[in-house]
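Q: Below: one structure in structure tokens.
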Amino acid sequence: MNIYLPIVALVLSTLLHYSIQKIFIYYKRFDDFNHRSSHKTLATRTGGIGVFLSLLFVSLFYYFKKVDLFDYSFFIPLGIMFIVGVYDDFYRADFKLKFLLQIIVAKILIDQGYVISNYHGLFGLFEVPWLLAQLSTIFVFLVVVNAINFIDGIDGLAITEAIKTILLMEFFSSTTTSLFPMGALVIASLLPLYYFNFKKKRKVFLGDGGSMFLGTFIMIYLLHVLGPDYSISSNFRINKVLFTVLIISYPLIDLLRVFILRLKDGNSPFVADQRHIHHIILRKTNSHFKTVLLVLTVSLFLILSVLSYLQ
């Protein structure tokens, strides 16, 4: 991959984030302030649009030049989830409809060959029947996509989780993966959002379009790791399934926790509130940046501790 390509994506993403926000502000399409909001300033939920379009425009340029940076068919599941998320940002889609579309997208990935068909010895299981493989893939897809969506409640957290996941998957791989060009472009497109997220005025949020796009992208990476083409570096001894769970441990723990709390109170697990772990930390630190840094530090410490213990 051309070393200048991520720089192009970064610059393009910056211009898109700025321009798209200007358009949305002109048409008064702001993020709502309510009791669940962790901000009190004008903001737009357009970050995901800038990231997706950056990846799309760069990919189209190379597609028409007949250069295969990566498997361009990934734009089918990624595009569907992005559109669903953008629709949800502005029209509050019913969660049943979102679930149905998420199942359809999971099935598309399965038909593309991305399926959890081997547990790699976890609980003594290796190759599993095709029906179980498909059902478990759909279940994991629903969990991961919604877990990433759930943590997108404070500035920079979902972005950081996505970048961390991509980098760790690549770092622990014995060779550079076939997804790396796409991963590098996504990271480059996400970096400008740190500036727009942490601005005191006229913020740009990732939005459901962005979080669902990133959740799907992370799921593609996880399925690649669990597939036959990915091998963990010989310096580390860890089960592949446990490895993937460990990498995204924070979103999974937070998702399980809020589901239990909401069900315990007799509420729908899909009704948003401010009882996430990061919201609790935010009330203590009174800083989005410090909260993100603390979550990242603890997450990395957990990962390194488990890997060290297993050596």
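By order in the structure tokens, chains are A, B, ...; within a chain, residues start at 1; ligands start at 1, following the order shown.
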Which residues, written as a list of chain:residue names, have at least one atom at most 7 Å from region 14-19 of chain A, with only C-alpha atoms counted and residues fewer than 5 positions away on the same chain left out?

A: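 With the cut-off at 7 Å, the set is A:Gly47, A:Gly50, A:Pro192.
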
Q: As a short mmCIF file (atom, residue, chain, number, x, y, z; two decimals) with N, CA and C atoms, in the first residue's frame, list the residues of region 260-305 of chain A assigned to helix (DSSP H, G or I) by DSSP on the backbone atoms of this structure.

A:
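Done, and the output landed in result-v7.cif:
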```cif
data_model
loop_
_atom_site.label_atom_id
_atom_site.label_comp_id
_atom_site.auth_asym_id
_atom_site.auth_seq_id
_atom_site.Cartn_x
_atom_site.Cartn_y
_atom_site.Cartn_z
N ILE A 260 -28.10 -6.12 32.13
CA ILE A 260 -28.55 -6.69 33.41
C ILE A 260 -29.25 -5.63 34.25
N LEU A 261 -28.67 -4.44 34.34
CA LEU A 261 -29.26 -3.37 35.14
C LEU A 261 -30.62 -2.95 34.62
N ARG A 262 -30.74 -2.83 33.31
CA ARG A 262 -32.02 -2.39 32.72
C ARG A 262 -33.10 -3.45 32.87
N LEU A 263 -32.74 -4.70 32.63
CA LEU A 263 -33.71 -5.78 32.79
C LEU A 263 -34.12 -5.92 34.26
N LYS A 264 -33.17 -5.74 35.17
CA LYS A 264 -33.45 -5.83 36.60
C LYS A 264 -34.46 -4.77 37.02
N ILE A 277 -20.42 2.29 32.22
CA ILE A 277 -19.22 2.44 33.03
C ILE A 277 -18.54 3.77 32.74
N HIS A 278 -18.48 4.14 31.46
CA HIS A 278 -17.81 5.40 31.11
C HIS A 278 -18.56 6.62 31.63
N HIS A 279 -19.88 6.52 31.78
CA HIS A 279 -20.64 7.63 32.35
C HIS A 279 -20.32 7.79 33.84
N ILE A 280 -20.17 6.66 34.52
CA ILE A 280 -19.83 6.69 35.94
C ILE A 280 -18.44 7.31 36.14
N ILE A 281 -17.49 6.90 35.30
CA ILE A 281 -16.14 7.45 35.38
C ILE A 281 -16.16 8.94 35.04
N LEU A 282 -16.97 9.32 34.04
CA LEU A 282 -17.04 10.72 33.63
C LEU A 282 -17.53 11.61 34.77
N ARG A 283 -18.48 11.12 35.55
CA ARG A 283 -18.97 11.90 36.68
C ARG A 283 -17.90 12.10 37.74
N LYS A 284 -16.94 11.18 37.80
CA LYS A 284 -15.83 11.30 38.76
C LYS A 284 -14.73 12.22 38.24
N THR A 285 -14.40 12.06 36.94
CA THR A 285 -13.28 12.83 36.37
C THR A 285 -13.71 14.19 35.83
N HIS A 288 -14.01 14.18 29.53
CA HIS A 288 -14.15 13.13 28.53
C HIS A 288 -12.80 12.53 28.18
N PHE A 289 -11.79 13.41 28.03
CA PHE A 289 -10.46 12.94 27.66
C PHE A 289 -9.88 12.01 28.72
N LYS A 290 -9.97 12.40 29.99
CA LYS A 290 -9.45 11.57 31.08
C LYS A 290 -10.19 10.25 31.16
N THR A 291 -11.49 10.28 30.91
CA THR A 291 -12.29 9.06 30.96
C THR A 291 -11.86 8.09 29.88
N VAL A 292 -11.70 8.59 28.66
CA VAL A 292 -11.26 7.74 27.54
C VAL A 292 -9.88 7.18 27.82
N LEU A 293 -8.99 8.02 28.32
CA LEU A 293 -7.62 7.58 28.62
C LEU A 293 -7.61 6.51 29.69
N LEU A 294 -8.45 6.65 30.71
CA LEU A 294 -8.52 5.66 31.78
C LEU A 294 -9.07 4.34 31.28
N VAL A 295 -10.14 4.38 30.48
CA VAL A 295 -10.72 3.16 29.92
C VAL A 295 -9.70 2.45 29.03
N LEU A 296 -8.99 3.21 28.19
CA LEU A 296 -7.98 2.63 27.31
C LEU A 296 -6.85 2.00 28.12
N THR A 297 -6.38 2.69 29.14
CA THR A 297 -5.28 2.19 29.96
C THR A 297 -5.65 0.89 30.66
N VAL A 298 -6.82 0.86 31.27
CA VAL A 298 -7.27 -0.35 31.98
C VAL A 298 -7.47 -1.49 31.00
N SER A 299 -8.02 -1.19 29.83
CA SER A 299 -8.25 -2.21 28.81
C SER A 299 -6.93 -2.83 28.34
N LEU A 300 -5.96 -1.98 28.05
CA LEU A 300 -4.65 -2.47 27.61
C LEU A 300 -3.95 -3.25 28.72
N PHE A 301 -4.09 -2.79 29.95
CA PHE A 301 -3.49 -3.49 31.09
C PHE A 301 -4.08 -4.89 31.23
N LEU A 302 -5.39 -4.99 31.07
CA LEU A 302 -6.06 -6.29 31.15
C LEU A 302 -5.56 -7.23 30.06
N ILE A 303 -5.48 -6.72 28.85
CA ILE A 303 -5.02 -7.54 27.72
C ILE A 303 -3.60 -8.04 27.94
N LEU A 304 -2.72 -7.13 28.31
CA LEU A 304 -1.31 -7.50 28.52
C LEU A 304 -1.15 -8.43 29.71
N SER A 305 -1.95 -8.25 30.73
CA SER A 305 -1.87 -9.12 31.93
C SER A 305 -2.27 -10.55 31.58
#
```

Q: Could you tell me how far CA of Val186 (chain A) sits from CA of Tyr72 (chain A), in Å to one decimal place?

A: 13.9 Å

Q: Please determine, counting only C-alpha atoms, which residue among A:Ser268, A:Ser59, A:Thr244, A:Ser54 has the shortest atom-to-atom distance to Phe172 (chain A).

A: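 Once distances to Phe172 (chain A) are computed over only C-alpha atoms, the minimum belongs to A:Thr244.
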
Q: Within 8 Å of Val105 (chain A), counting only C-alpha atoms, which residues show up once you throw out same-chain ones fewer than 2 positions away? Write them as a PDB file with C-alpha atoms, in the first residue's frame, please.

A:
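Dumped everything to result.pdb:
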```pdb
ATOM      1  CA  PRO A  77     -22.359  -4.982   4.595  1.00  0.00           C
ATOM      2  CA  ILE A  80     -25.997  -1.206   4.720  1.00  0.00           C
ATOM      3  CA  MET A  81     -25.105  -0.754   8.375  1.00  0.00           C
ATOM      4  CA  LEU A 101     -31.182  -5.622   9.160  1.00  0.00           C
ATOM      5  CA  GLN A 102     -28.229  -6.565  11.368  1.00  0.00           C
ATOM      6  CA  ILE A 103     -29.138 -10.241  10.975  1.00  0.00           C
ATOM      7  CA  LYS A 107     -25.803 -13.434   6.801  1.00  0.00           C
ATOM      8  CA  ILE A 108     -24.177 -11.489   3.953  1.00  0.00           C
ATOM      9  CA  LEU A 109     -20.816 -11.768   5.719  1.00  0.00           C
TER      10      LEU A 109
END
```

Q: Measuring between only C-alpha atoms, which one of A:Val225, A:Leu167, A:Leu100, A:Ala188 shows the shortest distance to Tyr114 (chain A)?

A: A:Val225

Q: Can you work out which one of A:Ile248, A:Ile83, A:Leu226, A:Val144 has the shortest atom-to-atom distance to Thr165 (chain A), counting only C-alpha atoms?

A: A:Ile248

Q: Could you pull the residues within 12 Å of Gly79 (chain A), counting only C-alpha atoms, minus those fewer than 4 positions along the same chain, as a JSON list (two decimals) with C-alpha atoms, in the first residue's frame?

A:
```
[["chain", "number", "residue", "atom", "x", "y", "z"],
["A", 48, "GLY", "CA", -19.62, 8.61, 10.59],
["A", 49, "ILE", "CA", -20.59, 10.21, 7.29],
["A", 51, "VAL", "CA", -15.35, 8.54, 7.79],
["A", 52, "PHE", "CA", -17.45, 6.39, 5.46],
["A", 53, "LEU", "CA", -17.21, 8.83, 2.55],
["A", 55, "LEU", "CA", -13.05, 5.37, 2.74],
["A", 56, "LEU", "CA", -15.49, 5.22, -0.17],
["A", 72, "TYR", "CA", -14.34, -4.03, -2.17],
["A", 73, "SER", "CA", -17.37, -6.28, -1.60],
["A", 74, "PHE", "CA", -17.06, -5.32, 2.08],
["A", 75, "PHE", "CA", -18.82, -2.10, 1.13],
["A", 83, "ILE", "CA", -27.21, 3.73, 6.06],
["A", 84, "VAL", "CA", -29.21, 2.08, 8.86],
["A", 85, "GLY", "CA", -27.22, 4.06, 11.41],
["A", 86, "VAL", "CA", -27.63, 7.39, 9.59],
["A", 101, "LEU", "CA", -31.18, -5.62, 9.16],
["A", 102, "GLN", "CA", -28.23, -6.56, 11.37],
["A", 105, "VAL", "CA", -25.89, -8.12, 7.15],
["A", 108, "ILE", "CA", -24.18, -11.49, 3.95],
["A", 209, "GLY", "CA", -24.06, 5.84, 11.32],
["A", 210, "GLY", "CA", -20.46, 5.90, 12.45],
["A", 212, "MET", "CA", -22.67, 0.90, 13.36],
["A", 213, "PHE", "CA", -20.15, 1.24, 10.55],
["A", 214, "LEU", "CA", -17.28, 0.77, 13.02],
["A", 216, "THR", "CA", -19.43, -3.90, 11.48],
["A", 217, "PHE", "CA", -15.84, -3.14, 10.53]]
```

Q: From the DSSP assignment of the backbone, select every residue of region 114-272 of chain A that is strand (DSSP E or B), and format the answer as a ChimeraX atom specification.

A: /A:118,127,173,203-204,232

Q: Now that the selection is made, can you save its residues with N, CA and C atoms as a PDB file, in the first residue's frame?

A:
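Produced file selection17.pdb, reproduced below:
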```pdb
ATOM      1  N   ASN A 118     -14.990 -22.476  13.579  1.00  0.00           N
ATOM      2  CA  ASN A 118     -14.008 -23.209  14.378  1.00  0.00           C
ATOM      3  C   ASN A 118     -13.772 -22.448  15.675  1.00  0.00           C
ATOM      4  N   GLU A 127     -13.931 -27.667  14.941  1.00  0.00           N
ATOM      5  CA  GLU A 127     -14.919 -27.481  13.870  1.00  0.00           C
ATOM      6  C   GLU A 127     -16.323 -27.753  14.405  1.00  0.00           C
ATOM      7  N   SER A 173      -0.608 -10.213  14.840  1.00  0.00           N
ATOM      8  CA  SER A 173      -0.621 -11.110  13.691  1.00  0.00           C
ATOM      9  C   SER A 173       0.799 -11.491  13.291  1.00  0.00           C
ATOM     10  N   LYS A 203     -19.174  20.736  18.007  1.00  0.00           N
ATOM     11  CA  LYS A 203     -18.596  19.399  17.992  1.00  0.00           C
ATOM     12  C   LYS A 203     -19.139  18.576  16.822  1.00  0.00           C
ATOM     13  N   VAL A 204     -18.399  17.549  16.461  1.00  0.00           N
ATOM     14  CA  VAL A 204     -18.867  16.558  15.494  1.00  0.00           C
ATOM     15  C   VAL A 204     -18.849  15.211  16.187  1.00  0.00           C
ATOM     16  N   ILE A 232      -1.826 -15.976  14.997  1.00  0.00           N
ATOM     17  CA  ILE A 232      -1.243 -15.139  16.035  1.00  0.00           C
ATOM     18  C   ILE A 232       0.265 -15.376  16.077  1.00  0.00           C
TER      19      ILE A 232
END
```

Q: What's the separation between CA of Ile151 (chain A) and CA of Phe90 (chain A), in Å to one decimal place?

A: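 According to the coordinates, CA of Ile151 (chain A) and CA of Phe90 (chain A) are separated by 19.1 Å.
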
Q: If you count only C-alpha atoms, which residues fall within 7 Å of Ile148 (chain A), apart from same-chain ones fewer than 2 positions away, as a list in words?

A: Val144, Val145, Asn146, Phe150, Ile151, Asp152, Ala158, Ser211, Gly215 and Pro251 of chain A

Q: I'd like the interatomic distance between CA of Leu131 (chain A) and CA of Lys240 (chain A), to a tenth of an Å.

A: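 Distance reported for this atom pair: 20.7 Å.
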